[in-house]
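**Student:** Structure below; questions to follow.
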Protein chains: 4
Amino acid sequence: MKARLNVGVIGLGRLGRVYAADLAQRVPKARLAAVADRQADLAESFARDHGVPKWYQTHEDLLDDKAIDAVAVITSTSTHREVVIDAARRGKAIFCEKPIALSLAEAAEMLQAVAAKGVFFQMGFQRRFDSGYVAAKEKIEAGAIGAPVLLISTSRDPYPPPVEFCDPKVSGGLIADMGIHDFDVARMFMGEVRSVYAVGGALAYPELKAVGDIDNAIINLVFENGTLGVVELSRNAVFGYDIRAEIWGTKGSVQVGYFRQTPILVMTGQGITHDVVPHFMQRFERAYLAQIQDFVDNVLEDRAPRVTGADAVAALRISLAATKSYQENRPVQVSEI
Amino acid sequence: MKARLNVGVIGLGRLGRVYAADLAQRVPKARLAAVADRQADLAESFARDHGVPKWYQTHEDLLDDKAIDAVAVITSTSTHREVVIDAARRGKAIFCEKPIALSLAEAAEMLQAVAAKGVFFQMGFQRRFDSGYVAAKEKIEAGAIGAPVLLISTSRDPYPPPVEFCDPKVSGGLIADMGIHDFDVARMFMGEVRSVYAVGGALAYPELKAVGDIDNAIINLVFENGTLGVVELSRNAVFGYDIRAEIWGTKGSVQVGYFRQTPILVMTGQGITHDVVPHFMQRFERAYLAQIQDFVDNVLEDRAPRVTGADAVAALRISLAATKSYQENRPVQVSEI
Amino acid sequence: MKARLNVGVIGLGRLGRVYAADLAQRVPKARLAAVADRQADLAESFARDHGVPKWYQTHEDLLDDKAIDAVAVITSTSTHREVVIDAARRGKAIFCEKPIALSLAEAAEMLQAVAAKGVFFQMGFQRRFDSGYVAAKEKIEAGAIGAPVLLISTSRDPYPPPVEFCDPKVSGGLIADMGIHDFDVARMFMGEVRSVYAVGGALAYPELKAVGDIDNAIINLVFENGTLGVVELSRNAVFGYDIRAEIWGTKGSVQVGYFRQTPILVMTGQGITHDVVPHFMQRFERAYLAQIQDFVDNVLEDRAPRVTGADAVAALRISLAATKSYQENRPVQVSEI
Amino acid sequence: MKARLNVGVIGLGRLGRVYAADLAQRVPKARLAAVADRQADLAESFARDHGVPKWYQTHEDLLDDKAIDAVAVITSTSTHREVVIDAARRGKAIFCEKPIALSLAEAAEMLQAVAAKGVFFQMGFQRRFDSGYVAAKEKIEAGAIGAPVLLISTSRDPYPPPVEFCDPKVSGGLIADMGIHDFDVARMFMGEVRSVYAVGGALAYPELKAVGDIDNAIINLVFENGTLGVVELSRNAVFGYDIRAEIWGTKGSVQVGYFRQTPILVMTGQGITHDVVPHFMQRFERAYLAQIQDFVDNVLEDRAPRVTGADAVAALRISLAATKSYQENRPVQVSEI
C-alpha cells in the first residue's frame, strides 16, 4: 500500500472546488497532485491558492500525468462519458460525481471501459456518508424498527438553478437532477424499485415552463418486495435547504434530517425563531469530506467501493422511469426502461 | 335564540361517549337531554353516571322525544343513512360524524332528506377545529407562505382496528376509512382534487389480507388548479399516533403536528427520550370539544355550518377515487366517480 | 360517601373564576353551590352565566350557608387568615390557594384553627398536578436518574403585575410572590432546604423601585442533605410564559417544560418561527382542573390532602428566608426564620 | 505580511493534538513547523504521522528554533508561566490556552514579560468562536433582545477527570477549572462582575472529597451595572456534554446550545429517542479551528487579539473570588481578590 494517493481533480465548479480543497487540506492520505478546468485561469488560481503543484486546462493533459494515481471527475454530467472512459483507458482509479450520465447507453459504455481496464470506480452519492443517513442505516440493520415497509425521502432546494441549467436536455429535468439522490437513498434503505408514478408542475416558478422543466414533483415508488416509498422534490423551500428521510418499519421509525443550522433560539414578542440550513454545502460539508476520504482509503487499501457503477445505473434507471411516468401520466415499470 | 340547546347523542361507542361527556359537562350552552345506544345497558349506565335525564335503546325513540332539539349521530357509518334521514324527517338539527356514508348514493339520499325538511346539518371533521390546523389556515390566509403549491397530509395509527372491522365492506378500507380526514384537510388548504393515484399494501399486518384490507398507502393528488398533494396513511406507527400536515407555498411553508405529549425529556446514558401522542383521544380532545361547541353555537345562533354535507360528499368522492386507483393501479379522475 | 360535593368559591378574581368555572362544568363529582365576591355585581353575573344557584357578597354569608360542604379560598393573600379561620370554625372542608399567608404567624393561626376543628385543609400548588411535573416525579421515583443532586426551577412571567400590586407589603415581593411555586417544587423533588442566598434587581422595569419591588432574582438553595438548587425568577419574558425545571441526578436528568403552544411551525425567508405559551392559564389550565378535582375527591373519599398546610408553611419559610437574604445580601439559614 | 505563519505547538495532550492537527491540515495560512512534548515518543510519532518537519522534547528547544514565528501553548496550566515567559523573551507570537495561570501573581508576571517584549499574545477561550455564541452576540448587539439583564451559563461534563487531576492544587478546583469558560462568557455578554456567591458539593462522586474537590456548583453573579448572572457547573451529565447559555433582555431572550449530535430520531414503542453531544471535541471542533485560524490571521495581519491577557486575568479573578466564596460561604467582591 502506498502511503499517500496522488489525486487529480477534473472540474472546478462549485462542488469540484469543495472536493479539491478537501483533498488539498483535510485528507492526510491524499496529495492533491493536479487540478484541471476548461477555464484555465480558474485552474491556475486554485492551484496557486491551495499549493497544488500542477494545473491543466484539459482533462487529457491531467490524465497523461503519470504521477497521478486517481482522479475525481466533477465535470458537468454531459462530459462524464468522455472523461471517465479516457481515465479508465489510462488506468486511473476513478471517483465520479452523480449522476453517472444522462442516458443508460452512456453509462453502459463507461462501465464497459472501466471493466475492460479493471480500474477502481466509485460513484459519488454523498448522503450515504452523512452522519444521519449512516446512523439510520445502522439502527435499521440493528433491528431498531423491525422490517422497513415505507420510505419517505425529501429534497427541497431554496431556489431553482439558473433557468438555462434547467433545460431537461442538459439537466435531465427536476426528477432526474434532484431526485437521483432520493432514488439512491430509496435503494439504500429498501432495495430495488419495481414501479413508479410521478406528478409534477412548474408551480412556483412559471418561467421554468419555457424550458420544459418543473419545480415540484411527487413520485410514488413500489419496491420489488412490495414495500412503498414516496419521493418529494421541490425548488421552493424559500427559507433554506430541506433534506429529510423517514423509514417506517413494523416495530418503529427513524427520521433523518434537521432544520436549524446555528444552535441559537431568539425569543421575542414575535415568537421563537431560529435559522435554517442554508444550502447543500452547509448540510453536507462533512459528508463530502467523508466520501472523498472513503474513496482515497478504498484505493489505497484495495477495498471495494461503497457505491458502485451498478448503483449509479440503478438510480438513473429509476429517475428515467419516473420522468417517463410524469410525461405519460401513468405508472411505469422500471423494467420498461 | 334559545338559551340552551337540548341535544341527544345517538351511538355511545368510544367517540360517542366523548361527545356525550363533552355535551354533558363542557358545553355550557348545551344540555345533554338523552342518549341512545342499541346496547341498552350502556345507554342506561352512561345516563346514570353523567346525570343525563333520559336514555333510549333505539334512535327512533330518542328522535320521537319532543324535548330534543338536535342530535349528534355517532353510530357506525353503515347506519348513518337511516338515522340521519329519520332525524331530518323529525326536524332535528343534525351533527353527523365522518364519513357521511360508504357510498355516494346513500349520501345523496341523506342530503335530499335534509334539504327537504330544511334542517341544520353539520359534518364532523375534527381536524378543522384543531388549534394547529386552524392556525395554519389563518397564517396561510394572512399570506405567510404566499400561494400554496403542495400539501402533505399524514395519518398514522399505532395499530390497526380489530381485523373484523377492517373488512372494506364495513369500513370502506384503509384509504376511505383513514384517508377521508386527509382528503378533507387537502380540500381545506388547497381546493378541489382533480385526480388521484394510490399505492398500498398489507405490509406490517399480513393478516389483513384475509379480509382484503391494507395497512399502508400513499396517495398522490393533483388539484384542479394544478397544485400537488400527497397523503400518507399507515397503521403501524407502533410508538403512537402521528398526525401531521405540511403546506408549501411560493414564499414559505407551514408544518402542523407534534410528537411529544408530556412536556418532559429524560436524559440518560441511553440518550434523550420523550413520550409520544398515544392516540386520537389525546391528540384531538380539544378539537372534538371545539367542534361540538361550534355545532351548538351554530344551531342556537342560526349560523351556517363550518363543514357541510357537500364537504363530506367531496371527501368521500376522493376516497372512492383513490380506492379505485389502488385497485386498478392507474390514475383516476375524481370526475369518474 | 356523598355522591357530589357542594362547593362554594370565595373570591372571583382571575384565578377564582377559573376554579369556579371548572367546578361548575368540569368536575362531575362537585356541584358549585355558591360563589362570593366583595364585588356583588361580579358574583351575581358569574352566578347567572354559569347557573350557580346562589351568590353572596361576603365570605361570612357564604360560609353560613348550611348546604355548602367545602370552600375554595381564592381571595387575596392578605385575607386568607380571616377567611380560612372563619371557614374552619364553620366546619367546612377548605381548599386554599397559595401562598397560605404573608407571615408565619398568620399561617400558624390558620393551621391551629383548622386543627382545632379537624377540618380538611388542602393547599393549592398547581405545578404538583401538571403532567410534566407529575411525570418527572414518577420517573425519578422509578430510578430513571439515580439520586437527585441538583434542581433548577424557573419561573418567568411575560410582564409584571400592575405596579400597585407589586408593593411587597401586599404581594410579599417578587421572591415570595413568584418564587413560592419554585420553593414548593424544590421541596417536592429534593426535600427540605437548609439555607438560601438571593440576588435581585429592578432591571427591566425601573418603576418597580418606587414600591420597593424587583423584577429579577436568582436564589441559591442548599438542601438539608447537601444537594443544591437554583431558582430563577423574572418578570420580563416578554415573549410569553416560561416555566421549567431540571432535576439532575447521579444517573441522568429530567427536563420539564415547553415553549410552543400551538403545534405549528412557520418557515419563511426570515427563519423558522413558532408561537409561545402566553401565560399561566394556557400553561396550567389542566393542572388547575386536576388540582380541584383532587380536592373534591379527597374530601368525598376522606383521603389525606396531597399538599398540606405544613407544605405551605415550609415554602413560605423558604421565601421569607430568601427575601431576607436578598435584603441583607448574605446567606440565610431557613432555621433563622 | 508573510504568506504563511510558521507555528510550533507546545504540549501534545488531548487538546494540543487537536490544535496541532488543525494547524497541520486545516489552516491554509499556517505551517505547523514543529511540535514539542515532554513525552518524546509522543512528539516524534505525531510529527511523523502528520508530516511535521521537526519535533522537540522541551519547549526551550522549540523556542530556540529560529524558523518558528509563533507558538501555541497547550501545556498544563502550572507550566504556562514558564513557557509563556520563555516564548515572550524569544519574541514569538503566543497563543495560550485557558486558564492563563492558577494565580494572579503568575499571570501578572506573564503579561509583564509579554508587554516588555511587545509580542502578540492571544488567549484561548473557544466558546467565543462557537457559531452559537457568535450569533447570540451579534443578535444582542443588533438589539434583538433589548438591554441584557440576566445571564445563565451552563457547563456540564459527562464525567469527572481522573481523580488525581481534580486536586485543586493542580486544577484550581471545579469552580476555576470548568467555570472559567462561563466567567469569560459572562463578561462577553454582560460586562464586568462585581460580586459572586457560590455553593457546591461532591454530590455524585464522593471520592472527590479525598482530594478536596467538588462535582457540582452554582455561582451567582452580580455585574457592575447591577445585572445578574448564574453559572451552573456539573461533572455528572452522564448522558453527554451540556453547554448552554441564555441571555435575557428587556425585549427578548437568546438561548444558545443543543442536545442532539446526529440528526436522527428513533421512534419505537419505548418513545422517541435521540443521541447527545458526547464531549467537548464534538461540540467545539469547529470553534477550536476558528480560534486558531483567528490567531494565525491576527498575527499575519497585525491585528489585535480578540481575547486578551486582560480578559484572561479578569476571568481568573472571578474564578478565584467564586472559589473563595464557596470556601467561606459568603458573598465575595471580585475587588477583594
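Simple scheme: letters A, B, ... for chains in C-alpha cells order, numbers from 1 for residues in each chain, numbers from 1 for ligands in the order shown.
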Quick one: everything within 9 Å of Ser155 of chain A, counting only C-alpha atoms, minus sequence neighbours fewer than 3 positions away in the same chain. Send it as a ChimeraX atom specification.

**Tutor:** /A:178-179,181-182,231-235,241-245

**Student:** Excluding segment 54-60 of chain D and its own-chain neighbours fewer than 4 positions away, which residues fall within 8 Å of it when counting only C-alpha atoms? Please give them as a ChimeraX atom specification.

**Tutor:** /D:10,33-40,43-44,47,64,83,86

**Student:** Export C-alpha atoms of the chosen residues as a short mmCIF file (atom, residue, chain, number, x, y, z; two decimals), in the first residue's frame?

**Tutor:**
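Listed below is the output, result02.cif:
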data_model
loop_
_atom_site.label_atom_id
_atom_site.label_comp_id
_atom_site.auth_asym_id
_atom_site.auth_seq_id
_atom_site.Cartn_x
_atom_site.Cartn_y
_atom_site.Cartn_z
CA ILE D 10 3.98 23.05 22.76
CA ALA D 33 6.75 23.80 11.75
CA ALA D 34 7.38 21.85 14.95
CA VAL D 35 5.79 20.18 17.93
CA ALA D 36 7.16 19.68 21.43
CA ASP D 37 6.14 17.40 24.27
CA ARG D 38 7.94 16.10 27.33
CA GLN D 39 6.99 12.62 26.14
CA ALA D 40 9.50 12.41 23.33
CA ALA D 43 6.16 14.25 19.83
CA GLU D 44 8.04 12.01 17.42
CA ALA D 47 5.36 14.62 13.79
CA ASP D 64 15.15 28.30 20.07
CA VAL D 83 6.62 28.61 28.82
CA ASP D 86 10.33 31.97 27.68
#

**Student:** Between atom CA of Gly212 of chain C and atom CA of Thr79 of chain C, what is the distance in Å, rounded to a tenth?

**Tutor:**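 Between atom CA of Gly212 of chain C and atom CA of Thr79 of chain C the gap is 21.9 Å.
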
**Student:** Compile the contact shell of Gly229 of chain B as a VMD selection string: residues with an atom at most 10 Å away, counting only C-alpha atoms, same-chain residues fewer than 4 positions apart removed.

**Tutor:** (chain A and resid 199 to 200 217 to 218 232) or (chain B and resid 149 to 153 183 186 190 193 196 219 to 223 246 to 248)

**Student:** Neighbouring residues of Arg127 of chain A were defined as those with any atom within 8 Å, considering only C-alpha atoms; residues of the same chain fewer than 2 positions away were excluded. Please report them as a PyMOL selection string.

**Tutor:** chain A and resi 125+129-130+133+181+185+284+287

**Student:** Would you mind listing, as a ChimeraX atom specification, all residues of chain A that have at least one atom within 6 Å of chain B, where only C-alpha atoms are what counts?

**Tutor:** /A:204,238,250,252

**Student:** Atom CA of Leu289 of chain B and atom CA of Ile272 of chain D, how far apart in Å?

**Tutor:**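 Computing it gives 28.3 Å between the two atoms.
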
**Student:** Pick from A:Ile100, A:Leu174, A:Ala144, A:Ile214: nearest to Met123 of chain A, with only C-alpha atoms counted?

**Tutor:**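 Ranking A:Ile100, A:Leu174, A:Ala144, A:Ile214 by distance to Met123 of chain A, first place goes to A:Ile100.
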
**Student:** Enter the distance from atom CA of Val84 of chain B to atom CA of Asp167 of chain B, in Å, rounded to one decimal.

**Tutor:** 23.7 Å
